[in-house]
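Just start-v5.cif here, mmCIF, C-alpha atoms (C1' of nucleotides):
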data_structure
loop_
_atom_site.label_atom_id
_atom_site.label_comp_id
_atom_site.auth_asym_id
_atom_site.auth_seq_id
_atom_site.Cartn_x
_atom_site.Cartn_y
_atom_site.Cartn_z
CA MET A 16 17.63 -4.58 13.43
CA THR A 17 14.62 -2.86 11.96
CA ILE A 18 14.37 -1.94 8.32
CA ALA A 19 14.34 1.72 9.18
CA THR A 20 17.92 1.72 10.38
CA LEU A 21 19.36 1.44 6.88
CA ASP A 22 19.65 4.63 4.92
CA PRO A 23 18.67 4.21 1.27
CA VAL A 24 15.70 2.20 2.36
CA ARG A 25 13.83 5.24 3.61
CA THR A 26 12.96 6.12 0.07
CA ASP A 27 11.69 2.68 -0.90
CA PRO A 28 8.03 3.12 -1.94
CA ARG A 29 7.09 -0.02 -0.03
CA VAL A 30 8.50 1.40 3.17
CA ILE A 31 6.83 4.74 2.71
CA ARG A 32 3.51 3.08 1.93
CA THR A 33 3.65 0.69 4.88
CA ARG A 34 4.42 3.44 7.36
CA LYS A 35 1.70 5.61 5.91
CA LEU A 36 -0.80 2.77 6.23
CA LEU A 37 0.18 2.19 9.84
CA ARG A 38 -0.05 5.86 10.77
CA GLU A 39 -3.44 6.20 9.12
CA ALA A 40 -4.66 3.03 10.78
CA LEU A 41 -3.78 4.33 14.19
CA ALA A 42 -5.41 7.68 13.48
CA SER A 43 -8.54 5.90 12.35
CA LEU A 44 -8.67 3.70 15.42
CA LEU A 45 -8.11 6.66 17.72
CA ALA A 46 -11.34 8.19 16.47
CA ASP A 47 -13.46 5.73 18.41
CA LYS A 48 -11.11 3.92 20.78
CA ASN A 49 -8.67 5.26 23.32
CA PHE A 50 -5.00 4.59 22.78
CA GLU A 51 -4.76 2.41 25.84
CA SER A 52 -7.17 -0.15 24.46
CA ILE A 53 -5.62 -0.34 21.01
CA SER A 54 -3.30 -3.30 20.44
CA VAL A 55 -0.58 -3.77 17.86
CA GLN A 56 -2.77 -6.45 16.36
CA ASP A 57 -5.60 -3.99 15.92
CA ILE A 58 -3.33 -1.53 14.16
CA ALA A 59 -1.81 -4.13 11.87
CA ALA A 60 -5.24 -5.47 10.97
CA GLU A 61 -6.65 -2.02 10.28
CA ALA A 62 -3.65 -1.21 8.09
CA THR A 63 -3.87 -4.58 6.32
CA VAL A 64 -0.24 -5.06 7.22
CA ASN A 65 1.30 -8.10 8.83
CA ARG A 66 2.04 -7.80 12.51
CA ALA A 67 5.66 -8.80 11.94
CA THR A 68 5.96 -5.96 9.46
CA PHE A 69 4.83 -3.56 12.12
CA TYR A 70 7.78 -4.54 14.27
CA ALA A 71 10.12 -4.06 11.35
CA HIS A 72 9.30 -0.35 11.46
CA PHE A 73 8.28 0.52 14.99
CA THR A 74 9.31 -0.87 18.33
CA ASP A 75 5.82 -0.56 19.80
CA LYS A 76 2.62 1.42 19.51
CA PHE A 77 4.12 4.39 21.32
CA ASP A 78 6.79 4.62 18.70
CA LEU A 79 4.14 4.65 16.00
CA LEU A 80 2.09 7.25 17.82
CA ASP A 81 5.15 9.47 17.99
CA SER A 82 5.69 9.07 14.27
CA MET A 83 2.04 9.76 13.54
CA ILE A 84 1.87 12.90 15.64
CA ARG A 85 5.11 14.33 14.34
CA ASP A 86 4.14 13.63 10.79
CA ASP A 87 0.79 15.27 11.31
CA VAL A 88 2.03 18.27 13.23
CA ALA A 89 4.76 18.95 10.68
CA LYS A 90 2.07 19.62 8.10
CA HIS A 91 0.18 21.97 10.38
CA LEU A 92 3.26 23.92 11.40
CA ALA A 93 4.13 24.68 7.82
CA GLN A 94 0.75 26.36 7.19
CA GLY A 95 1.26 29.95 6.13
CA ASN A 96 5.01 29.52 6.36
CA PRO A 97 5.24 31.51 9.62
CA LEU A 98 9.02 31.03 9.94
CA SER A 99 9.59 33.32 6.99
CA ASP A 100 8.34 36.32 8.93
CA PRO A 101 11.24 38.53 9.98
CA ASP A 102 9.48 39.85 13.08
CA ALA A 103 9.74 37.53 16.07
CA ARG A 104 6.37 38.55 17.45
CA THR A 105 4.25 37.90 14.34
CA LEU A 106 6.35 34.81 13.69
CA LEU A 107 5.42 33.35 17.05
CA LEU A 108 1.79 34.39 16.65
CA GLY A 109 1.68 32.42 13.42
CA VAL A 110 3.36 29.38 14.95
CA GLY A 111 1.12 29.52 18.01
CA LYS A 112 -1.96 29.68 15.86
CA ASN A 113 -0.85 26.55 14.03
CA VAL A 114 -0.09 24.71 17.25
CA PHE A 115 -3.54 25.44 18.62
CA ALA A 116 -5.10 24.49 15.31
CA PHE A 117 -3.33 21.15 15.42
CA VAL A 118 -4.34 20.44 18.99
CA GLY A 119 -7.87 21.42 18.08
CA THR A 120 -8.08 18.83 15.34
CA HIS A 121 -7.14 16.14 17.83
CA ARG A 122 -9.79 17.12 20.31
CA ARG A 123 -12.05 14.41 18.92
CA CYS A 124 -9.68 11.72 20.20
CA LYS A 125 -10.75 9.95 23.31
CA ILE A 126 -9.27 11.40 26.47
CA ASP A 127 -6.65 8.91 27.48
CA ARG A 128 -3.99 9.00 30.16
CA GLU A 129 -1.53 7.34 27.81
CA PHE A 130 -2.34 9.39 24.76
CA GLU A 131 -2.09 12.91 26.17
CA PRO A 132 1.49 12.78 27.46
CA GLN A 133 2.69 11.04 24.32
CA MET A 134 1.07 13.67 22.17
CA GLN A 135 2.56 16.44 24.22
CA ARG A 136 6.03 14.93 24.03
CA SER A 137 5.91 14.38 20.28
CA LEU A 138 4.38 17.76 19.63
CA GLU A 139 7.04 19.49 21.67
CA ALA A 140 9.84 17.56 19.99
CA GLU A 141 8.62 18.35 16.50
CA LEU A 142 7.96 21.98 17.32
CA LYS A 143 11.40 22.35 18.81
CA ASP A 144 12.99 20.96 15.63
CA PHE A 145 10.78 23.24 13.60
CA LEU A 146 11.97 26.31 15.48
CA LEU A 147 15.64 25.39 15.30
CA VAL A 148 16.11 27.05 11.94
CA ARG A 149 15.34 30.42 13.54
CA PHE A 150 16.21 30.12 17.23
CA PRO A 151 19.07 28.59 19.23
CA HIS A 152 18.53 25.20 20.74
CA CYS A 153 17.66 26.33 24.23
CA THR A 154 15.33 29.09 23.12
CA SER A 155 13.47 26.72 20.82
CA MET A 156 12.97 24.38 23.74
CA VAL A 157 11.46 27.10 25.90
CA ILE A 158 9.10 28.36 23.22
CA ALA A 159 8.02 24.87 22.27
CA SER A 160 7.34 23.81 25.82
CA ALA A 161 5.42 26.97 26.59
CA LEU A 162 3.22 26.93 23.53
CA VAL A 163 2.47 23.23 23.73
CA GLY A 164 1.81 23.39 27.42
CA ALA A 165 -0.66 26.19 26.91
CA ALA A 166 -2.34 24.38 24.06
CA MET A 167 -2.67 21.15 25.99
CA ASP A 168 -4.05 23.02 28.94
CA TRP A 169 -6.56 24.75 26.67
CA ARG A 170 -7.40 21.39 25.12
CA TYR A 171 -9.13 20.02 28.15
CA GLN A 172 -9.43 22.85 30.61
CA SER A 173 -11.19 25.47 28.56
CA PRO A 174 -11.72 24.09 25.06
CA ASN A 175 -14.53 26.57 24.37
CA GLU A 176 -12.35 29.60 24.89
CA ALA A 177 -11.01 31.33 21.79
CA PRO A 178 -7.35 30.37 21.21
CA ALA A 179 -6.22 33.71 19.77
CA PRO A 180 -6.05 35.70 23.04
CA ILE A 181 -4.28 32.86 24.79
CA VAL A 182 -1.67 32.73 22.07
CA SER A 183 -1.29 36.48 22.19
CA ASN A 184 -0.61 36.40 25.93
CA MET A 185 1.87 33.60 25.58
CA VAL A 186 3.73 35.39 22.84
CA ASP A 187 3.96 38.57 24.89
CA ILE A 188 5.69 36.72 27.65
CA LEU A 189 7.91 34.74 25.30
CA VAL A 190 9.05 37.70 23.28
CA ASP A 191 10.06 39.56 26.41
CA GLY A 192 11.72 36.51 27.86
CA VAL A 193 13.60 35.70 24.69
CA ALA A 194 14.70 39.30 24.33
CA GLN A 195 16.15 39.20 27.84
CA ARG A 196 17.86 35.97 27.06
CA MET A 197 19.33 37.39 23.90
CA LEU A 198 20.78 40.23 25.90
CA ALA A 199 22.12 37.93 28.60
CA ASP A 200 23.80 35.68 26.03
CA ARG A 201 25.94 38.38 24.52
CA MET B 12 3.04 -15.36 -16.49
CA THR B 13 1.33 -12.81 -14.32
CA ILE B 14 0.98 -13.21 -10.59
CA ALA B 15 -2.77 -13.17 -10.90
CA THR B 16 -2.89 -16.55 -12.62
CA LEU B 17 -1.95 -18.45 -9.49
CA ASP B 18 -4.73 -19.26 -7.10
CA PRO B 19 -3.72 -18.80 -3.44
CA VAL B 20 -2.04 -15.56 -4.35
CA ARG B 21 -5.33 -13.77 -4.84
CA THR B 22 -5.67 -13.47 -1.08
CA ASP B 23 -2.21 -12.06 -0.45
CA PRO B 24 -2.66 -8.63 1.15
CA ARG B 25 0.06 -7.19 -1.04
CA VAL B 26 -1.75 -8.30 -4.17
CA ILE B 27 -5.07 -6.95 -3.01
CA ARG B 28 -3.49 -3.67 -2.02
CA THR B 29 -1.56 -3.23 -5.26
CA ARG B 30 -4.61 -3.86 -7.41
CA LYS B 31 -6.67 -1.52 -5.32
CA LEU B 32 -4.05 1.19 -5.66
CA LEU B 33 -3.94 0.75 -9.41
CA ARG B 34 -7.71 0.84 -9.81
CA GLU B 35 -7.99 3.93 -7.67
CA ALA B 36 -5.14 5.60 -9.53
CA LEU B 37 -6.87 5.10 -12.85
CA ALA B 38 -10.16 6.37 -11.47
CA SER B 39 -8.40 9.43 -10.15
CA LEU B 40 -6.66 10.14 -13.43
CA LEU B 41 -9.88 9.70 -15.39
CA ALA B 42 -11.38 12.61 -13.49
CA ASP B 43 -9.32 15.14 -15.41
CA LYS B 44 -7.75 13.28 -18.31
CA ASN B 45 -9.29 11.11 -20.96
CA PHE B 46 -8.39 7.46 -21.07
CA GLU B 47 -6.64 7.78 -24.40
CA SER B 48 -4.02 10.15 -23.05
CA ILE B 49 -3.27 8.17 -19.89
CA SER B 50 -0.13 6.05 -20.04
CA VAL B 51 0.82 3.04 -17.97
CA GLN B 52 3.55 5.17 -16.50
CA ASP B 53 1.03 7.73 -15.35
CA ILE B 54 -1.04 5.07 -13.64
CA ALA B 55 1.92 3.44 -11.94
CA ALA B 56 3.20 6.78 -10.73
CA GLU B 57 -0.18 7.86 -9.41
CA ALA B 58 -0.54 4.52 -7.60
CA THR B 59 3.03 4.73 -6.24
CA VAL B 60 3.59 1.31 -7.73
CA ASN B 61 6.45 0.25 -9.93
CA ARG B 62 5.68 0.00 -13.61
CA ALA B 63 6.93 -3.58 -13.70
CA THR B 64 4.48 -4.43 -10.96
CA PHE B 65 1.66 -3.12 -13.10
CA TYR B 66 2.49 -5.68 -15.75
CA ALA B 67 2.54 -8.42 -13.14
CA HIS B 68 -1.19 -7.85 -12.66
CA PHE B 69 -2.59 -6.42 -15.86
CA THR B 70 -1.64 -6.90 -19.47
CA ASP B 71 -2.34 -3.27 -20.35
CA LYS B 72 -4.42 -0.28 -19.34
CA PHE B 73 -7.54 -1.74 -20.94
CA ASP B 74 -7.26 -4.76 -18.71
CA LEU B 75 -7.03 -2.50 -15.69
CA LEU B 76 -9.98 -0.42 -16.84
CA ASP B 77 -12.03 -3.58 -17.12
CA SER B 78 -11.07 -4.57 -13.60
CA MET B 79 -11.84 -1.12 -12.28
CA ILE B 80 -15.26 -0.91 -13.89
CA ARG B 81 -16.29 -4.41 -12.87
CA ASP B 82 -15.15 -3.86 -9.35
CA ASP B 83 -17.03 -0.60 -9.16
CA VAL B 84 -20.20 -1.82 -10.79
CA ALA B 85 -20.32 -4.88 -8.58
CA LYS B 86 -20.76 -2.63 -5.59
CA HIS B 87 -23.55 -0.65 -7.21
CA LEU B 88 -25.43 -3.71 -8.38
CA ALA B 89 -25.60 -5.12 -4.88
CA GLN B 90 -27.34 -2.01 -3.56
CA GLY B 91 -30.71 -2.92 -2.07
CA ASN B 92 -30.11 -6.56 -2.90
CA PRO B 93 -32.54 -6.53 -5.84
CA LEU B 94 -31.91 -10.17 -6.76
CA SER B 95 -33.68 -11.30 -3.62
CA ASP B 96 -37.02 -10.05 -4.92
CA PRO B 97 -39.21 -12.95 -6.03
CA ASP B 98 -41.09 -10.91 -8.63
CA ALA B 99 -39.21 -10.58 -11.91
CA ARG B 100 -40.62 -7.16 -12.66
CA THR B 101 -39.65 -5.44 -9.41
CA LEU B 102 -36.35 -7.33 -9.51
CA LEU B 103 -35.47 -5.85 -12.87
CA LEU B 104 -36.65 -2.41 -11.82
CA GLY B 105 -34.21 -2.58 -8.93
CA VAL B 106 -31.36 -3.79 -11.10
CA GLY B 107 -32.08 -1.19 -13.75
CA LYS B 108 -32.09 1.57 -11.20
CA ASN B 109 -28.66 0.46 -10.00
CA VAL B 110 -27.28 0.30 -13.51
CA PHE B 111 -28.40 3.83 -14.28
CA ALA B 112 -27.07 5.00 -10.95
CA PHE B 113 -23.68 3.53 -11.78
CA VAL B 114 -23.55 5.06 -15.22
CA GLY B 115 -24.61 8.34 -13.68
CA THR B 116 -21.63 8.39 -11.35
CA HIS B 117 -19.27 8.02 -14.31
CA ARG B 118 -20.77 10.91 -16.20
CA ARG B 119 -18.02 13.14 -14.90
CA CYS B 120 -15.40 11.19 -16.85
CA LYS B 121 -14.15 12.81 -19.99
CA ILE B 122 -15.96 11.64 -23.09
CA ASP B 123 -13.51 9.39 -24.81
CA ARG B 124 -13.83 7.13 -27.80
CA GLU B 125 -11.69 4.49 -26.09
CA PHE B 126 -13.33 4.72 -22.70
CA GLU B 127 -16.99 4.40 -23.63
CA PRO B 128 -16.89 1.03 -25.42
CA GLN B 129 -14.64 -0.44 -22.76
CA MET B 130 -17.00 0.68 -20.06
CA GLN B 131 -19.98 -0.74 -21.88
CA ARG B 132 -18.26 -4.08 -22.39
CA SER B 133 -17.17 -4.42 -18.78
CA LEU B 134 -20.50 -3.26 -17.45
CA GLU B 135 -22.37 -5.75 -19.59
CA ALA B 136 -20.04 -8.58 -18.60
CA GLU B 137 -20.38 -7.91 -14.90
CA LEU B 138 -24.12 -7.43 -15.09
CA LYS B 139 -24.51 -10.68 -16.97
CA ASP B 140 -22.57 -12.55 -14.28
CA PHE B 141 -24.64 -10.81 -11.66
CA LEU B 142 -27.89 -11.97 -13.23
CA LEU B 143 -26.73 -15.56 -13.70
CA VAL B 144 -27.84 -16.59 -10.24
CA ARG B 145 -31.48 -15.93 -11.21
CA PHE B 146 -31.67 -16.25 -14.98
CA PRO B 147 -30.32 -18.70 -17.55
CA HIS B 148 -27.20 -17.70 -19.44
CA CYS B 149 -28.90 -16.49 -22.57
CA THR B 150 -31.60 -14.55 -20.77
CA SER B 151 -29.02 -12.80 -18.62
CA MET B 152 -27.19 -11.76 -21.73
CA VAL B 153 -30.28 -10.20 -23.26
CA ILE B 154 -31.26 -8.31 -20.13
CA ALA B 155 -27.71 -7.09 -19.54
CA SER B 156 -27.24 -5.87 -23.08
CA ALA B 157 -30.59 -4.12 -23.12
CA LEU B 158 -30.21 -2.32 -19.81
CA VAL B 159 -26.64 -1.28 -20.42
CA GLY B 160 -27.39 -0.16 -23.94
CA ALA B 161 -30.23 2.01 -22.69
CA ALA B 162 -28.10 3.43 -19.90
CA MET B 163 -25.20 4.27 -22.21
CA ASP B 164 -27.59 5.88 -24.64
CA TRP B 165 -29.10 7.91 -21.82
CA ARG B 166 -25.61 8.80 -20.65
CA TYR B 167 -24.79 11.04 -23.56
CA GLN B 168 -27.99 11.42 -25.53
CA SER B 169 -30.39 12.67 -22.88
CA PRO B 170 -28.51 12.85 -19.58
CA ASN B 171 -31.03 15.33 -18.15
CA GLU B 172 -33.97 13.02 -18.56
CA ALA B 173 -35.14 11.15 -15.45
CA PRO B 174 -33.93 7.54 -15.56
CA ALA B 175 -36.91 5.97 -13.85
CA PRO B 176 -39.36 6.07 -16.79
CA ILE B 177 -36.73 4.77 -19.15
CA VAL B 178 -36.03 1.84 -16.87
CA SER B 179 -39.74 1.20 -16.52
CA ASN B 180 -40.20 1.03 -20.27
CA MET B 181 -37.22 -1.25 -20.70
CA VAL B 182 -38.46 -3.59 -18.03
CA ASP B 183 -41.92 -3.78 -19.60
CA ILE B 184 -40.42 -5.00 -22.81
CA LEU B 185 -37.97 -7.35 -21.11
CA VAL B 186 -40.54 -8.96 -18.85
CA ASP B 187 -42.81 -9.70 -21.76
CA GLY B 188 -39.93 -10.96 -23.84
CA VAL B 189 -38.52 -13.12 -21.11
CA ALA B 190 -41.96 -14.53 -20.35
CA GLN B 191 -42.36 -15.54 -23.97
CA ARG B 192 -38.92 -17.09 -23.91
CA MET B 193 -39.77 -19.00 -20.77
CA LEU B 194 -42.85 -20.40 -22.48
CA ALA B 195 -40.94 -21.28 -25.63
CA ASP B 196 -38.23 -23.07 -23.67
CA ARG B 197 -40.54 -25.55 -22.00
"C1'" DA C 11 -5.24 -17.59 43.18
"C1'" DC C 12 -5.42 -20.11 39.11
"C1'" DG C 13 -6.09 -21.44 34.34
"C1'" DA C 14 -7.66 -19.95 29.75
"C1'" DA C 15 -7.33 -16.61 26.29
"C1'" DA C 16 -5.08 -12.99 24.09
"C1'" DA C 17 -1.08 -9.86 23.03
"C1'" DT C 18 3.77 -9.55 22.53
"C1'" DG C 19 8.24 -9.87 20.24
"C1'" DT C 20 10.98 -12.82 17.39
"C1'" DT C 21 12.42 -16.25 13.79
"C1'" DG C 22 13.10 -18.84 9.10
"C1'" DC C 23 11.30 -19.27 4.91
"C1'" DT C 24 8.43 -17.79 0.85
"C1'" DT C 25 6.75 -14.41 -2.27
"C1'" DA C 26 5.50 -9.87 -4.23
"C1'" DT C 27 7.48 -5.59 -5.18
"C1'" DC C 28 11.26 -2.53 -6.39
"C1'" DC C 29 14.87 -1.13 -9.40
"C1'" DG C 30 17.77 -0.53 -13.27
"C1'" DA C 31 18.45 -1.79 -17.63
"C1'" DC C 32 17.40 -3.42 -22.15
"C1'" DG C 33 15.67 -3.54 -27.14
"C1'" DA C 34 11.80 -2.22 -29.81
"C1'" DG C 35 8.33 0.79 -31.40
"C1'" DT C 36 6.37 5.64 -32.26
"C1'" DA C 37 6.20 10.52 -32.96
"C1'" DC C 38 8.15 14.74 -34.09
"C1'" DA C 39 11.77 18.36 -35.27
"C1'" DC C 40 15.27 19.73 -38.12
"C1'" DG D 24 17.44 10.75 -43.28
"C1'" DT D 25 18.85 11.43 -38.44
"C1'" DG D 26 18.48 12.52 -33.81
"C1'" DT D 27 15.81 13.19 -29.71
"C1'" DA D 28 12.47 11.87 -26.56
"C1'" DC D 29 8.94 9.39 -25.44
"C1'" DT D 30 6.30 4.74 -24.16
"C1'" DC D 31 6.14 -0.08 -24.00
"C1'" DG D 32 7.01 -4.89 -22.42
"C1'" DT D 33 10.33 -7.81 -20.22
"C1'" DC D 34 14.27 -9.34 -17.58
"C1'" DG D 35 17.49 -10.61 -13.32
"C1'" DG D 36 18.88 -9.55 -8.91
"C1'" DA D 37 18.01 -7.25 -4.42
"C1'" DT D 38 14.84 -6.40 -0.72
"C1'" DA D 39 10.52 -5.53 1.94
"C1'" DA D 40 6.35 -7.77 3.23
"C1'" DG D 41 3.72 -11.94 4.19
"C1'" DC D 42 3.07 -16.08 6.88
"C1'" DA D 43 3.21 -19.68 10.35
"C1'" DA D 44 5.07 -20.90 14.44
"C1'" DC D 45 7.20 -20.25 18.79
"C1'" DA D 46 8.07 -19.02 23.82
"C1'" DT D 47 6.81 -15.12 26.90
"C1'" DT D 48 4.13 -12.10 29.05
"C1'" DT D 49 -0.30 -9.83 30.07
"C1'" DT D 50 -5.06 -9.84 30.76
"C1'" DC D 51 -9.16 -11.37 32.65
"C1'" DG D 52 -12.99 -14.30 34.33
"C1'" DT D 53 -14.25 -17.15 38.07
#
Encoding of this model in structure tokens:
Amino acid sequence: MTIATLDPVRTDPRVIRTRKLLREALASLLADKNFESISVQDIAAEATVNRATFYAHFTDKFDLLDSMIRDDVAKHLAQGNPLSDPDARTLLLGVGKNVFAFVGTHRRCKIDREFEPQMQRSLEAELKDFLLVRFPHCTSMVIASALVGAAMDWRYQSPNEAPAPIVSNMVDILVDGVAQRMLADR
Amino acid sequence: MTIATLDPVRTDPRVIRTRKLLREALASLLADKNFESISVQDIAAEATVNRATFYAHFTDKFDLLDSMIRDDVAKHLAQGNPLSDPDARTLLLGVGKNVFAFVGTHRRCKIDREFEPQMQRSLEAELKDFLLVRFPHCTSMVIASALVGAAMDWRYQSPNEAPAPIVSNMVDILVDGVAQRMLADR
DNA sequence: ACGAAAATGTTGCTTATCCGACGAGTACAC
DNA sequence: GTGTACTCGTCGGATAAGCAACATTTTCGT
């Protein structure tokens, strides 16, 4: 159906460019409009891309939002290459810091009952994939959910609080929990 | 031959986008390379545009440079809408200020024996067209050549000197000259 | 509750871009 | 001289993007 389903096409410069334009357009619109009030037409117009072309790449605006968030968060997660740290504790501290940093950059977006859950979902999904190279599937899931949940909570409950102590607390709990799980698994 | 020769095509979003990408790519490359050492391949790669597509729009890199300069200068010339001023003297002061401002922004470009003359040519051509709505053809030519010549001279002879007095002097001469010409023409 | 206006997906056809390849020209090393 | 490694223009065929139009659905004012 869509262009994206074929394989070699993912590397076509036109495809890459179009998707980039659409992601950037949505990000730009989100700066002064809430997600709910943004239409596919708005996005296509902002990206100077035909509306039909939008549907060739994404099923709807939620699909695009997911792509945008994951693309964005992937960059943040790689900062400082935290996964390379052999110690689980400092590793998670690094990852947590990046997660909070990412959420912090999106604080400017309008509070939106559609946007928040989508962001959380996408963020969790990407983080889970990110952690998979170091942790088993189920463990990655737990860590991702916990960190993202905490960050989202921080985002609009106590945005003025310093993130570092929160992350530290989370990591304490996670490290213990994961250690237990490791023991139980063997 | 090239796509650009057809008429309705000029409004095709793909065409607009491709040309924009190519202009911006050249501008970007000029920041740390001199024009002479920039190849068409470099430009196409920087713009993420196929090399063949480059040739569909521009005959060579000089053609692109011309387009880039004219596009850029057109924006600067419109600043403050100087043409709307009824008085020829203040009008020219406004235009001259914009010309010097434009040249000033391109001072960062590497000095280059190919780049300078091309820039002067394109700048003159665009300025002449710009002036045509208020002055006859020949008068526009004189004013354009004079202002651009002065600005280019200032650019690499005495870049630290304040532009305003230079412009003022130029305009004095031009206004007198044009007035004489106006009298002679009738 | 109803009609107008706008957004949504989808389609067939056109067109610009991509890609790989080609011969020709240029520079430089050996 | 010969080979290597560039860049340059140009070509034909494949494909993504543009466009106009369509029937639905959603939104919204009154």
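Atom CA of Gln131 of chain B is positioned 20.2 Å from atom CA of Asp43 of chain B.
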Mind listing as a PyMOL selection string which residues of chain A are within 9 Å of chain C, counting all atoms listed in the file?
chain A and resi 27-29+54-56+67+70
Taking the file above as input, evaluate the PyMOL selection byres ((chain B) within 10 of (chain A)) and report the hits as a PDB file with C-alpha atoms, in the frame of the given file.
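The result, written out as expr.pdb:
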ATOM      1  CA  PRO B  24      -2.660  -8.630   1.150  1.00  0.00           C
ATOM      2  CA  ARG B  25       0.060  -7.190  -1.040  1.00  0.00           C
ATOM      3  CA  ILE B  27      -5.070  -6.950  -3.010  1.00  0.00           C
ATOM      4  CA  ARG B  28      -3.490  -3.670  -2.020  1.00  0.00           C
ATOM      5  CA  THR B  59       3.030   4.730  -6.240  1.00  0.00           C
ATOM      6  CA  VAL B  60       3.590   1.310  -7.730  1.00  0.00           C
ATOM      7  CA  ASN B  61       6.450   0.250  -9.930  1.00  0.00           C
TER       8      ASN B  61
END
Report the distance between atom CA of Gly119 of chain A and atom CA of Trp169 of chain A in Å, rounded to one decimal place.
9.3 Å
Select, as a list in words, those residues of chain D with any atom no more than 9 Å from chain A (distances computed using all atoms listed in the file).
DA39, DA40, DG41 and DC42 of chain D
Picked residues, the PyMOL selection byres ((chain B and resi 74) around 12), as a PyMOL selection string:
chain B and resi 30+33-34+37+51+65-73+75-81+126+129-130+132-133
